[in-house]
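*Asks:* One structure coming up, written as structure tokens, with questions to follow.
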Amino acid sequence: MDRMTEEEFDQYVLPVYQRFPITIVEAEGSYIYDDNGKKYLDFLSGWSVSNLGHRPRPVVDAIKEQADKLIHVPNVFYQEPQGELAKLLVENSIKGKVFFGNSGAEANEAAIKFAKLYGGGQRHKIITTERSFHGRTSATMAATGQDRIKEGFAPHLPGFVHVRFNDIEALRSAVDDDTIAIMLEPVQGEGGIHIATPEYAAAIQQICREKDILLIVDEVQSGMGRTGPLFAYQGYDLRPDIITSAKSLASGLPIGATILGTKVAANVRPGMHGSTFGGGALVASAAIATLQMLLSAEVKENTAMLSGLFAEKLAELEKKHGCIQETRQRGLMIGIELDQDSRPVAQACLDEGLFINSTQHTVIRLLPPLTATTEEVEQAVSILDGALAAL
Ligand SMILES: Cc1ncc(COP(=O)(O)O)c(C=O)c1O
């Protein structure tokens with residue numbers, strides 16, 4: 001078969017993504033390779049999907065082994081990998097039960113439905129923050145606190161209110177008798193790497209406790225070891241009622257997980273929700289292998305080491321380049337706020353073989369693999385340094 005050109009691809013695939021004129025054919029560790037043999041250091045990790053780098057060996061082995069036994073049976077049967085995965089997630093987060101879907105949006109969609117179920121038809125309002133991103137389905141788009149995501153798709157699902165991030169007073173004023181949940185990204189990803197303050201987290205916890213309001217943490221981007229602990233909320237004094245996870249959970253196979261605390265899970269009965277592929281044996285095996293790696297001392301220590309290294313390097317960059325307004329870092333979630341459009345910097349880096357991205361127009365975002373090496377970080381920072389100098 002002739003190789004498909006990029007023009008032909010565009011003839012058939014709906015243009016919902018802005019694509020680079022680059023075709024990727026292979027990936028390994030921290031690198032992706034195009035069809036001309038050019039290699040790129042991937043320090044975005046597919047928006048925090050490849051937290052263990054590309055094709056981590058234990059995950060590939062688990063997928064191969066499982067594919068030889070069982071790929072899919074419907075959820076009317078028991079199968080071991082799904083149960084084992086749920087157990088691992090619960091043991092490493094909150095006491096409760098897990099629902100499996102196939103994406104971050106689906107995980108949040110389930111969180112929204114189950115929060116409303118807990119509201120018992122009385123309370124239904126969910127408070128989220130400005131600049132938040134929770135997904136592209138109708139409910140998660142309505143939950144998202146960014147107008148540009150919603151443009152063209154009105155009317156939106158009612159019941160969501162957006163308040164300023166890290167503003168305790170704004171949050172207190174938004175709470176009323178209809179409020180059933182507060183939905184929070186502990187570190188906003190798409191919104192430009194904005195980090196919840198400990199005071200904000202403490203206030204949220206207090207409001208939730210006082211008013212029996214559920215705390216939903218969206219850990220789709222901030223989870224899976226990216227900020228240090230398995231979930232970013234674990235770096236705060238927070239006790240969520242619902243946790244959502246996706247992206248890196250199965251190292252690149254599609255998965256979404258909604259962990260419901262015991263009191264929320266208690267209301268759920270057969271037939272209330274579902275997803276054909278959710279928690280399939282193949283993806284669950286990949287996720288178990290991923291979690292085992294993420295929980296290993298080796299990966300945790302490397303994440304801590306790289307975080308320290310980045311902190312040092314970012315301070316040097318900030319001193320050197322006047323265009324940097326601020327750097328924001330939580331573990332390996334990194335945002336560099338510029339005083340100008342950051343897209344040319346991301347493009348210049350790509351030309352030089354470093355894949356990072358620009359978000360919210362002025363922010364450079366880095367989400368490097370937790371398994372990267374010191375040399376790879378130094379190489380990435382040197383390319384970024386050059387791109388900033390050329391502005
Ligand atoms: C915090 C957060 N929530 C939800 C989503 C949606 O995930 P998905 O694209 O898998 O539906 C994303 C995706 O970027 C995200 O960053």
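Starting from 1 in every chain, residues are counted up; chains themselves are A, B, ... following the order of the structure tokens, and ligands are numbered from 1 as listed.
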Ligand 1: which residues are within 8 Å, counting only C-alpha atoms and all ligand atoms? Reply as a list of chain:residue names.
*Replies:*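 The residues near ligand 1 are A:Trp47, A:Asn102, A:Ser103, A:Gly104, A:Ala105, A:Glu106, A:Ala107, A:Asn108, A:Ser132, A:Phe133, A:His134, A:Gly135, A:Arg136, A:Thr137, A:Thr140, A:Glu185, A:Gln188, A:Gly189, A:Glu190, A:Asp218, A:Glu219, A:Val220, A:Gln221, A:Ser222, A:Ala246, A:Lys247, A:Pro254, A:Ile255, A:Gly256.
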*Asks:* Okay, now the selection with N, CA and C atoms, as a PDB file, in the first residue's frame?
*Replies:*
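Written file, out-v5.pdb:
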```
ATOM      1  N   TRP A  47       0.728  15.470  26.457  1.00  0.00           N
ATOM      2  CA  TRP A  47      -0.116  16.161  27.441  1.00  0.00           C
ATOM      3  C   TRP A  47      -0.248  15.316  28.714  1.00  0.00           C
ATOM      4  N   ASN A 102     -13.234   5.601  29.372  1.00  0.00           N
ATOM      5  CA  ASN A 102     -12.165   5.557  28.369  1.00  0.00           C
ATOM      6  C   ASN A 102     -11.410   6.855  28.164  1.00  0.00           C
ATOM      7  N   SER A 103     -11.709   7.883  28.937  1.00  0.00           N
ATOM      8  CA  SER A 103     -11.040   9.172  28.719  1.00  0.00           C
ATOM      9  C   SER A 103     -11.232  10.039  29.952  1.00  0.00           C
ATOM     10  N   GLY A 104     -10.531  11.167  29.948  1.00  0.00           N
ATOM     11  CA  GLY A 104     -10.669  12.110  31.049  1.00  0.00           C
ATOM     12  C   GLY A 104     -12.067  12.702  31.097  1.00  0.00           C
ATOM     13  N   ALA A 105     -12.588  13.040  29.921  1.00  0.00           N
ATOM     14  CA  ALA A 105     -13.924  13.636  29.869  1.00  0.00           C
ATOM     15  C   ALA A 105     -14.950  12.652  30.433  1.00  0.00           C
ATOM     16  N   GLU A 106     -14.800  11.397  30.064  1.00  0.00           N
ATOM     17  CA  GLU A 106     -15.756  10.385  30.533  1.00  0.00           C
ATOM     18  C   GLU A 106     -15.631  10.176  32.049  1.00  0.00           C
ATOM     19  N   ALA A 107     -14.407  10.270  32.557  1.00  0.00           N
ATOM     20  CA  ALA A 107     -14.208  10.145  34.008  1.00  0.00           C
ATOM     21  C   ALA A 107     -14.899  11.313  34.724  1.00  0.00           C
ATOM     22  N   ASN A 108     -14.764  12.526  34.161  1.00  0.00           N
ATOM     23  CA  ASN A 108     -15.407  13.692  34.781  1.00  0.00           C
ATOM     24  C   ASN A 108     -16.920  13.662  34.618  1.00  0.00           C
ATOM     25  N   SER A 132     -10.335  26.650  34.201  1.00  0.00           N
ATOM     26  CA  SER A 132     -10.240  25.194  34.365  1.00  0.00           C
ATOM     27  C   SER A 132     -10.500  24.504  33.031  1.00  0.00           C
ATOM     28  N   PHE A 133     -10.067  23.257  32.936  1.00  0.00           N
ATOM     29  CA  PHE A 133     -10.394  22.439  31.765  1.00  0.00           C
ATOM     30  C   PHE A 133     -10.795  21.049  32.254  1.00  0.00           C
ATOM     31  N   HIS A 134     -12.018  20.653  31.885  1.00  0.00           N
ATOM     32  CA  HIS A 134     -12.502  19.352  32.365  1.00  0.00           C
ATOM     33  C   HIS A 134     -12.922  18.419  31.234  1.00  0.00           C
ATOM     34  N   GLY A 135     -12.866  18.888  29.974  1.00  0.00           N
ATOM     35  CA  GLY A 135     -13.186  17.986  28.869  1.00  0.00           C
ATOM     36  C   GLY A 135     -14.052  18.636  27.812  1.00  0.00           C
ATOM     37  N   ARG A 136     -14.417  17.829  26.797  1.00  0.00           N
ATOM     38  CA  ARG A 136     -15.109  18.368  25.614  1.00  0.00           C
ATOM     39  C   ARG A 136     -16.508  17.803  25.413  1.00  0.00           C
ATOM     40  N   THR A 137     -16.976  16.944  26.318  1.00  0.00           N
ATOM     41  CA  THR A 137     -18.352  16.465  26.189  1.00  0.00           C
ATOM     42  C   THR A 137     -19.286  17.565  26.698  1.00  0.00           C
ATOM     43  N   THR A 140     -18.868  18.156  30.561  1.00  0.00           N
ATOM     44  CA  THR A 140     -17.524  18.592  30.975  1.00  0.00           C
ATOM     45  C   THR A 140     -17.147  19.916  30.321  1.00  0.00           C
ATOM     46  N   GLU A 185      -9.051  21.312  39.796  1.00  0.00           N
ATOM     47  CA  GLU A 185      -7.761  20.786  39.349  1.00  0.00           C
ATOM     48  C   GLU A 185      -6.743  21.328  40.356  1.00  0.00           C
ATOM     49  N   GLN A 188      -3.897  23.625  37.659  1.00  0.00           N
ATOM     50  CA  GLN A 188      -4.563  23.784  36.362  1.00  0.00           C
ATOM     51  C   GLN A 188      -3.543  23.527  35.252  1.00  0.00           C
ATOM     52  N   GLY A 189      -3.891  22.629  34.329  1.00  0.00           N
ATOM     53  CA  GLY A 189      -2.978  22.281  33.246  1.00  0.00           C
ATOM     54  C   GLY A 189      -3.173  23.160  32.025  1.00  0.00           C
ATOM     55  N   GLU A 190      -4.284  22.920  31.305  1.00  0.00           N
ATOM     56  CA  GLU A 190      -4.573  23.716  30.098  1.00  0.00           C
ATOM     57  C   GLU A 190      -4.637  25.202  30.429  1.00  0.00           C
ATOM     58  N   ASP A 218     -10.056  16.774  39.858  1.00  0.00           N
ATOM     59  CA  ASP A 218      -9.776  16.341  38.491  1.00  0.00           C
ATOM     60  C   ASP A 218      -8.257  16.183  38.386  1.00  0.00           C
ATOM     61  N   GLU A 219      -7.832  14.927  38.406  1.00  0.00           N
ATOM     62  CA  GLU A 219      -6.396  14.620  38.382  1.00  0.00           C
ATOM     63  C   GLU A 219      -5.990  14.051  37.020  1.00  0.00           C
ATOM     64  N   VAL A 220      -6.792  14.393  36.016  1.00  0.00           N
ATOM     65  CA  VAL A 220      -6.534  13.832  34.685  1.00  0.00           C
ATOM     66  C   VAL A 220      -5.139  14.229  34.191  1.00  0.00           C
ATOM     67  N   GLN A 221      -4.750  15.482  34.418  1.00  0.00           N
ATOM     68  CA  GLN A 221      -3.424  15.922  33.968  1.00  0.00           C
ATOM     69  C   GLN A 221      -2.411  15.939  35.127  1.00  0.00           C
ATOM     70  N   SER A 222      -2.881  16.283  36.313  1.00  0.00           N
ATOM     71  CA  SER A 222      -1.953  16.460  37.447  1.00  0.00           C
ATOM     72  C   SER A 222      -1.632  15.152  38.162  1.00  0.00           C
ATOM     73  N   ALA A 246      -7.091   9.752  34.162  1.00  0.00           N
ATOM     74  CA  ALA A 246      -7.126   9.222  32.789  1.00  0.00           C
ATOM     75  C   ALA A 246      -5.692   9.304  32.239  1.00  0.00           C
ATOM     76  N   LYS A 247      -5.550   9.976  31.100  1.00  0.00           N
ATOM     77  CA  LYS A 247      -4.258  10.210  30.441  1.00  0.00           C
ATOM     78  C   LYS A 247      -3.201   9.132  30.687  1.00  0.00           C
ATOM     79  N   PRO A 254      -6.373   3.966  25.928  1.00  0.00           N
ATOM     80  CA  PRO A 254      -7.458   4.826  26.421  1.00  0.00           C
ATOM     81  C   PRO A 254      -8.096   4.301  27.695  1.00  0.00           C
ATOM     82  N   ILE A 255      -8.141   5.164  28.704  1.00  0.00           N
ATOM     83  CA  ILE A 255      -8.740   4.768  29.982  1.00  0.00           C
ATOM     84  C   ILE A 255      -9.217   6.014  30.725  1.00  0.00           C
ATOM     85  N   GLY A 256     -10.252   5.850  31.511  1.00  0.00           N
ATOM     86  CA  GLY A 256     -10.693   6.892  32.438  1.00  0.00           C
ATOM     87  C   GLY A 256     -11.113   6.185  33.714  1.00  0.00           C
TER      88      GLY A 256
END
```
*Asks:* Could you work out how far CA of Leu367 (chain A) lies from CA of Arg148 (chain A), giving the answer in Å with one decimal?
*Replies:*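 Here the two named atoms are 22.9 Å from each other.
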*Asks:* Report the closest atom pair, with its distance in Å rounded to one decimal, for each residue of region 167-249 of chain A that has an atom no farther than 8 Å from region 307-331 of chain A; count only C-alpha atoms, sort by chain and then rising residue number, and write it as CSV.
*Replies:*
```
residue,atom,partner,partner_atom,distance
A:Val187,CA,A:Arg330,CA,7.8
A:Ile193,CA,A:Arg328,CA,6.5
A:His194,CA,A:Arg328,CA,7.1
A:Ile195,CA,A:Arg330,CA,7.3
A:Arg226,CA,A:Gly331,CA,6.4
A:Thr227,CA,A:Gly331,CA,4.0
A:Gly228,CA,A:Gly331,CA,5.5
```
*Asks:* Output N, CA, C and O atoms for every residue in that selection, as a PDB file, in the first residue's frame.
*Replies:*
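To be explicit, this is the file written out as result-v9.pdb:
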```pdb
ATOM      1  N   VAL A 187      -3.682  21.459  40.229  1.00  0.00           N
ATOM      2  CA  VAL A 187      -2.821  22.300  39.392  1.00  0.00           C
ATOM      3  C   VAL A 187      -3.524  22.404  38.040  1.00  0.00           C
ATOM      4  O   VAL A 187      -3.746  21.391  37.375  1.00  0.00           O
ATOM      5  N   ILE A 193      -0.802  26.120  33.994  1.00  0.00           N
ATOM      6  CA  ILE A 193      -0.031  25.711  35.183  1.00  0.00           C
ATOM      7  C   ILE A 193      -0.205  26.738  36.308  1.00  0.00           C
ATOM      8  O   ILE A 193       0.706  27.517  36.623  1.00  0.00           O
ATOM      9  N   HIS A 194      -1.407  26.756  36.845  1.00  0.00           N
ATOM     10  CA  HIS A 194      -1.688  27.568  38.036  1.00  0.00           C
ATOM     11  C   HIS A 194      -1.899  26.597  39.192  1.00  0.00           C
ATOM     12  O   HIS A 194      -2.650  25.627  39.070  1.00  0.00           O
ATOM     13  N   ILE A 195      -1.216  26.864  40.297  1.00  0.00           N
ATOM     14  CA  ILE A 195      -1.120  25.908  41.405  1.00  0.00           C
ATOM     15  C   ILE A 195      -1.992  26.374  42.564  1.00  0.00           C
ATOM     16  O   ILE A 195      -1.886  27.528  43.009  1.00  0.00           O
ATOM     17  N   ARG A 226       2.828  12.924  38.453  1.00  0.00           N
ATOM     18  CA  ARG A 226       3.386  14.091  37.761  1.00  0.00           C
ATOM     19  C   ARG A 226       3.900  15.179  38.713  1.00  0.00           C
ATOM     20  O   ARG A 226       4.887  15.839  38.430  1.00  0.00           O
ATOM     21  N   THR A 227       3.208  15.370  39.832  1.00  0.00           N
ATOM     22  CA  THR A 227       3.659  16.439  40.744  1.00  0.00           C
ATOM     23  C   THR A 227       4.464  15.882  41.925  1.00  0.00           C
ATOM     24  O   THR A 227       4.796  16.625  42.842  1.00  0.00           O
ATOM     25  N   GLY A 228       4.729  14.589  41.913  1.00  0.00           N
ATOM     26  CA  GLY A 228       5.458  13.959  43.031  1.00  0.00           C
ATOM     27  C   GLY A 228       4.636  12.813  43.593  1.00  0.00           C
ATOM     28  O   GLY A 228       4.893  11.648  43.285  1.00  0.00           O
TER      29      GLY A 228
END
```
*Asks:* Per DSSP on the backbone, filter region 9-240 of chain A down to the residues in helix (DSSP H, G or I) and report them as a PyMOL selection string.
*Replies:* chain A and resi 9-12+45-48+57-67+80-91+104-119+138-143+147-150+168-174+198-211+232-235
*Asks:* Between A:Thr359, A:Gly252, A:Gln79, A:Val90, which residue has the minimum interatomic distance to Ala27 (chain A), considering only C-alpha atoms?
*Replies:* A:Gly252
*Asks:* Just the strand (DSSP E or B) stuff from region 107-333 of chain A, please, per backbone DSSP, written as JSON, numbers by chain.
*Replies:* {"A": [125, 126, 127, 128, 129, 160, 161, 162, 163, 179, 180, 181, 182, 183, 184, 187, 188, 194, 195, 214, 215, 216, 217, 218, 242, 243, 244, 245, 251, 253, 256, 257, 258, 259, 260, 261, 324, 325, 326, 327, 328, 329, 330, 333]}
*Asks:* Please provide as a PyMOL selection string all residues within 7 Å of Leu282 (chain A), with the sequence filter that same-chain residues fewer than 5 positions apart are discarded (counting only C-alpha atoms).
*Replies:* chain A and resi 63+66-67+71
*Asks:* Interatomic distance between CA of Phe99 (chain A) and CA of Ile259 (chain A)?
*Replies:*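 Result for CA of Phe99 (chain A) versus CA of Ile259 (chain A): 6.5 Å, one decimal.
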*Asks:* For region 373-387 of chain A, please output as a PyMOL selection string all residues within 8 Å (counting only C-alpha atoms; exclusion window: fewer than 3 positions along the same chain).
*Replies:* chain A and resi 41+43+306+309-310+313+317+345+348-349+352+354+390-391
*Asks:* Could those selected residues go to a file with all heavy atoms, as a CSV table (one decimal), in the first residue's frame?
*Replies:*
```csv
chain,number,residue,atom,x,y,z
A,41,LEU,N,12.9,15.3,21.3
A,41,LEU,CA,12.8,15.1,22.8
A,41,LEU,C,11.4,15.5,23.2
A,41,LEU,O,11.0,16.6,23.0
A,41,LEU,CB,13.8,15.9,23.5
A,41,LEU,CG,14.1,15.7,24.9
A,41,LEU,CD1,14.4,14.3,25.3
A,41,LEU,CD2,15.3,16.6,25.4
A,43,PHE,N,9.1,16.5,25.6
A,43,PHE,CA,8.9,17.0,27.0
A,43,PHE,C,7.5,17.5,27.2
A,43,PHE,O,7.3,18.4,28.0
A,43,PHE,CB,10.0,18.0,27.3
A,43,PHE,CG,11.2,17.4,28.0
A,43,PHE,CD1,11.6,16.1,27.7
A,43,PHE,CD2,12.0,18.1,28.9
A,43,PHE,CE1,12.6,15.5,28.4
A,43,PHE,CE2,13.1,17.5,29.6
A,43,PHE,CZ,13.4,16.2,29.3
A,306,LEU,N,14.5,15.1,39.2
A,306,LEU,CA,14.3,16.0,38.0
A,306,LEU,C,13.6,17.3,38.4
A,306,LEU,O,13.9,18.4,37.9
A,306,LEU,CB,13.5,15.3,37.0
A,306,LEU,CG,14.1,14.1,36.3
A,306,LEU,CD1,13.1,13.5,35.3
A,306,LEU,CD2,15.4,14.4,35.6
A,309,LEU,N,16.2,19.6,39.8
A,309,LEU,CA,17.0,20.0,38.7
A,309,LEU,C,16.3,21.1,37.9
A,309,LEU,O,16.9,22.2,37.5
A,309,LEU,CB,17.4,18.8,37.8
A,309,LEU,CG,18.3,19.1,36.6
A,309,LEU,CD1,19.7,19.6,37.0
A,309,LEU,CD2,18.5,17.8,35.8
A,310,PHE,N,15.0,20.9,37.6
A,310,PHE,CA,14.3,21.9,36.8
A,310,PHE,C,14.2,23.2,37.6
A,310,PHE,O,14.3,24.3,37.0
A,310,PHE,CB,12.9,21.4,36.5
A,310,PHE,CG,12.8,20.9,35.1
A,310,PHE,CD1,12.6,19.5,34.8
A,310,PHE,CD2,12.9,21.8,34.0
A,310,PHE,CE1,12.5,19.1,33.5
A,310,PHE,CE2,12.8,21.3,32.7
A,310,PHE,CZ,12.6,20.0,32.5
A,313,LYS,N,17.3,25.1,37.1
A,313,LYS,CA,17.5,25.5,35.7
A,313,LYS,C,16.5,26.7,35.4
A,313,LYS,O,16.8,27.6,34.6
A,313,LYS,CB,17.3,24.4,34.7
A,313,LYS,CG,18.2,23.2,34.9
A,313,LYS,CD,19.5,23.6,34.2
A,313,LYS,CE,20.6,22.5,34.4
A,313,LYS,NZ,21.9,23.0,34.2
A,317,LEU,N,17.1,30.4,34.0
A,317,LEU,CA,16.5,31.0,32.8
A,317,LEU,C,15.8,32.3,33.1
A,317,LEU,O,15.8,33.3,32.4
A,317,LEU,CB,15.4,30.0,32.2
A,317,LEU,CG,16.0,28.8,31.5
A,317,LEU,CD1,14.8,28.0,30.9
A,317,LEU,CD2,16.8,29.2,30.3
A,345,VAL,N,8.1,30.5,20.5
A,345,VAL,CA,9.1,29.7,21.3
A,345,VAL,C,8.9,28.2,21.2
A,345,VAL,O,9.9,27.5,20.9
A,345,VAL,CB,9.1,30.2,22.8
A,345,VAL,CG1,10.1,29.4,23.6
A,345,VAL,CG2,9.3,31.7,22.9
A,348,ALA,N,10.0,27.3,17.7
A,348,ALA,CA,11.5,27.2,17.6
A,348,ALA,C,12.1,26.0,18.2
A,348,ALA,O,13.0,25.4,17.7
A,348,ALA,CB,12.1,28.5,18.2
A,349,CYS,N,11.5,25.6,19.4
A,349,CYS,CA,12.0,24.4,20.1
A,349,CYS,C,11.7,23.2,19.2
A,349,CYS,O,12.6,22.3,19.1
A,349,CYS,CB,11.3,24.3,21.4
A,349,CYS,SG,11.9,25.5,22.7
A,352,GLU,N,14.1,22.7,16.6
A,352,GLU,CA,15.4,22.2,17.1
A,352,GLU,C,15.4,20.9,17.8
A,352,GLU,O,16.3,20.4,18.4
A,352,GLU,CB,16.0,23.2,18.2
A,352,GLU,CG,16.4,24.6,17.6
A,352,GLU,CD,17.5,24.4,16.5
A,352,GLU,OE1,18.4,23.7,16.7
A,352,GLU,OE2,17.3,25.0,15.4
A,354,LEU,N,12.9,19.7,20.1
A,354,LEU,CA,12.3,19.6,21.5
A,354,LEU,C,10.8,19.9,21.4
A,354,LEU,O,10.4,21.0,20.9
A,354,LEU,CB,12.9,20.6,22.4
A,354,LEU,CG,12.2,20.8,23.8
A,354,LEU,CD1,12.4,19.5,24.6
A,354,LEU,CD2,12.8,22.0,24.5
A,390,ALA,N,16.4,34.0,21.2
A,390,ALA,CA,16.2,34.5,19.8
A,390,ALA,C,15.0,35.4,19.7
A,390,ALA,O,14.6,35.9,18.6
A,390,ALA,CB,16.0,33.3,18.9
A,391,LEU,N,14.2,35.6,20.8
A,391,LEU,CA,13.0,36.4,20.7
A,391,LEU,C,13.3,37.8,20.4
A,391,LEU,O,14.3,38.4,20.9
A,391,LEU,CB,12.2,36.3,22.0
A,391,LEU,CG,11.4,35.1,22.2
A,391,LEU,CD1,10.7,35.1,23.6
A,391,LEU,CD2,10.3,34.9,21.2
```
